[in-house]
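Shown next: final19.cif, given as mmCIF, C-alpha atoms.
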data_target
#
loop_
_atom_site.label_atom_id
_atom_site.label_comp_id
_atom_site.auth_asym_id
_atom_site.auth_seq_id
_atom_site.Cartn_x
_atom_site.Cartn_y
_atom_site.Cartn_z
CA MET A 704 38.79 96.64 -0.96
CA ILE A 705 41.92 94.65 -1.67
CA THR A 706 45.07 96.29 -0.32
CA LEU A 707 48.38 95.09 -1.69
CA ALA A 708 51.59 95.70 0.23
CA GLY A 709 55.20 94.83 -0.37
CA GLU A 710 55.90 92.93 -3.57
CA PHE A 711 53.39 91.71 -6.16
CA ASP A 712 55.12 88.98 -8.11
CA VAL A 713 54.88 85.29 -8.96
CA VAL A 714 55.25 84.34 -5.29
CA CYS A 715 51.98 86.00 -4.24
CA ALA A 716 50.06 85.60 -7.51
CA ASP A 717 47.84 82.76 -6.31
CA SER A 718 47.05 84.59 -3.08
CA PHE A 719 45.85 87.64 -5.01
CA LYS A 720 43.76 85.48 -7.35
CA ARG A 721 42.02 83.91 -4.34
CA ARG A 722 41.44 87.30 -2.70
CA PHE A 723 40.05 88.72 -5.94
CA ALA A 724 37.75 85.70 -6.42
CA GLU A 725 36.46 86.11 -2.85
CA ALA A 726 35.91 89.85 -3.35
CA THR A 727 33.86 89.26 -6.51
CA GLU A 728 32.00 86.06 -5.62
CA ASP A 729 28.87 87.92 -4.45
CA GLU A 730 28.86 89.98 -7.67
CA PRO A 731 29.43 93.39 -6.09
CA GLU A 732 28.96 96.57 -8.09
CA GLY A 733 32.62 97.37 -7.68
CA VAL A 734 35.96 96.34 -6.26
CA VAL A 735 38.81 98.65 -5.29
CA ILE A 736 42.45 97.55 -5.42
CA ASP A 737 44.72 99.77 -3.33
CA LEU A 738 48.32 99.75 -4.56
CA ARG A 739 49.66 102.55 -2.36
CA GLU A 740 51.63 100.21 -0.08
CA LEU A 741 53.05 98.18 -2.96
CA THR A 742 56.82 98.59 -3.35
CA PHE A 743 57.45 96.29 -6.33
CA ILE A 744 55.51 94.75 -9.20
CA ASP A 745 56.83 92.42 -11.87
CA SER A 746 55.34 91.26 -15.16
CA THR A 747 53.33 88.58 -13.36
CA GLY A 748 51.68 91.17 -11.12
CA ILE A 749 50.95 93.40 -14.09
CA ARG A 750 49.45 90.46 -16.02
CA ILE A 751 47.26 89.46 -13.08
CA LEU A 752 45.96 93.02 -12.67
CA TRP A 753 45.13 93.04 -16.40
CA GLN A 754 43.31 89.72 -16.03
CA ALA A 755 41.36 91.11 -13.06
CA HIS A 756 40.42 94.11 -15.21
CA GLN A 757 39.24 91.86 -18.05
CA ARG A 758 37.28 89.59 -15.73
CA SER A 759 35.59 92.56 -14.08
CA ALA A 760 34.60 93.93 -17.48
CA GLN A 761 33.10 90.57 -18.45
CA ASP A 762 31.21 90.27 -15.16
CA GLY A 763 30.00 93.87 -15.17
CA THR A 764 31.90 94.70 -12.00
CA ARG A 765 33.52 98.11 -11.74
CA LEU A 766 37.22 97.69 -10.95
CA SER A 767 38.90 100.75 -9.48
CA VAL A 768 42.57 101.16 -8.62
CA ILE A 769 44.30 103.49 -6.19
CA PRO A 770 47.70 103.60 -7.90
CA GLY A 771 49.80 105.46 -5.36
CA ASN A 772 53.16 106.87 -6.36
CA GLY A 773 56.64 105.65 -7.10
CA ASN A 774 58.02 102.87 -9.23
CA VAL A 775 54.92 100.69 -9.13
CA SER A 776 52.69 103.45 -10.46
CA ARG A 777 55.33 104.34 -13.03
CA ALA A 778 55.55 100.72 -14.25
CA LEU A 779 51.77 100.53 -14.59
CA ARG A 780 51.68 103.80 -16.51
CA ILE A 781 54.51 102.73 -18.83
CA THR A 782 52.70 99.50 -19.68
CA GLY A 783 49.49 101.44 -20.33
CA LEU A 784 47.53 99.42 -17.78
CA LEU A 785 46.35 102.46 -15.83
CA ASP A 786 44.95 103.96 -19.04
CA HIS A 787 42.34 101.18 -19.05
CA MET A 788 41.37 101.27 -15.38
CA ASP A 789 39.19 103.47 -13.26
CA LEU A 790 41.63 105.39 -11.04
CA LEU A 791 40.80 106.65 -7.60
CA ASP A 792 42.81 109.27 -5.75
CA ARG A 793 42.53 108.81 -1.99
#
Please render this file's structure as structure tokens.
Amino acid sequence: MITLAGEFDVVCADSFKRRFAEATEDEPEGVVIDLRELTFIDSTGIRILWQAHQRSAQDGTRLSVIPGNGNVSRALRITGLLDHMDLLDR
């Protein structure tokens, strides 16, 4: 599981990419990204989540997202990103 907290923007983009690569390097059946503690996401964060979704689809890895509530979830719904991802409610 990858838990994101605080802000997901250009400043932490490379860190997330490394964490996602580490989480998928052993070709797991699935990866969960927990966004409940995220307070802000910009277009970079949204783009990186979309890229993670595309990469998982190519690799045959199930990518699930716990979207949480608030502005981050709203931004992801407005962009349509959550319509393409497997959502978990925990």
Worksheet item: Could you write out as a ChimeraX atom specification the residues that the PyMOL selection byres ((chain A and resi 784-786) around 12) matches in the shown file?
Response: /A:738,746,748-757,766-771,775-783,787-791
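Reported to one decimal place, the separation of atom CA of A:Glu730 from atom CA of A:Asn772 is 29.6 Å.
Atom to atom, atom CA of A:Val734 and atom CA of A:Leu707 stand 13.3 Å apart.
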Discussion item. One number please: atom CA of A:Gln761 to atom CA of A:Phe743, in Å, one decimal.
Written reply: 27.8 Å
Evaluate the PyMOL selection byres ((chain A and resi 711-714) around 8) here and jot the selected residues down as a PDB file with C-alpha atoms, in the frame of the given file.
ATOM      1  CA  LEU A 707      48.380  95.090  -1.690  1.00  0.00           C
ATOM      2  CA  ALA A 708      51.590  95.700   0.230  1.00  0.00           C
ATOM      3  CA  GLY A 709      55.200  94.830  -0.370  1.00  0.00           C
ATOM      4  CA  GLU A 710      55.900  92.930  -3.570  1.00  0.00           C
ATOM      5  CA  CYS A 715      51.980  86.000  -4.240  1.00  0.00           C
ATOM      6  CA  ALA A 716      50.060  85.600  -7.510  1.00  0.00           C
ATOM      7  CA  ASP A 717      47.840  82.760  -6.310  1.00  0.00           C
ATOM      8  CA  LEU A 741      53.050  98.180  -2.960  1.00  0.00           C
ATOM      9  CA  PHE A 743      57.450  96.290  -6.330  1.00  0.00           C
ATOM     10  CA  ILE A 744      55.510  94.750  -9.200  1.00  0.00           C
ATOM     11  CA  ASP A 745      56.830  92.420 -11.870  1.00  0.00           C
ATOM     12  CA  SER A 746      55.340  91.260 -15.160  1.00  0.00           C
ATOM     13  CA  THR A 747      53.330  88.580 -13.360  1.00  0.00           C
ATOM     14  CA  GLY A 748      51.680  91.170 -11.120  1.00  0.00           C
TER      15      GLY A 748
END
Item to complete: For the structure shown, which residues end up in the PyMOL selection byres ((chain A and resi 733) around 12)? Put them as number ranges by chain, please?
Response: A: 704-705, 723, 726-732, 734-736, 756, 759-760, 762-768, 789
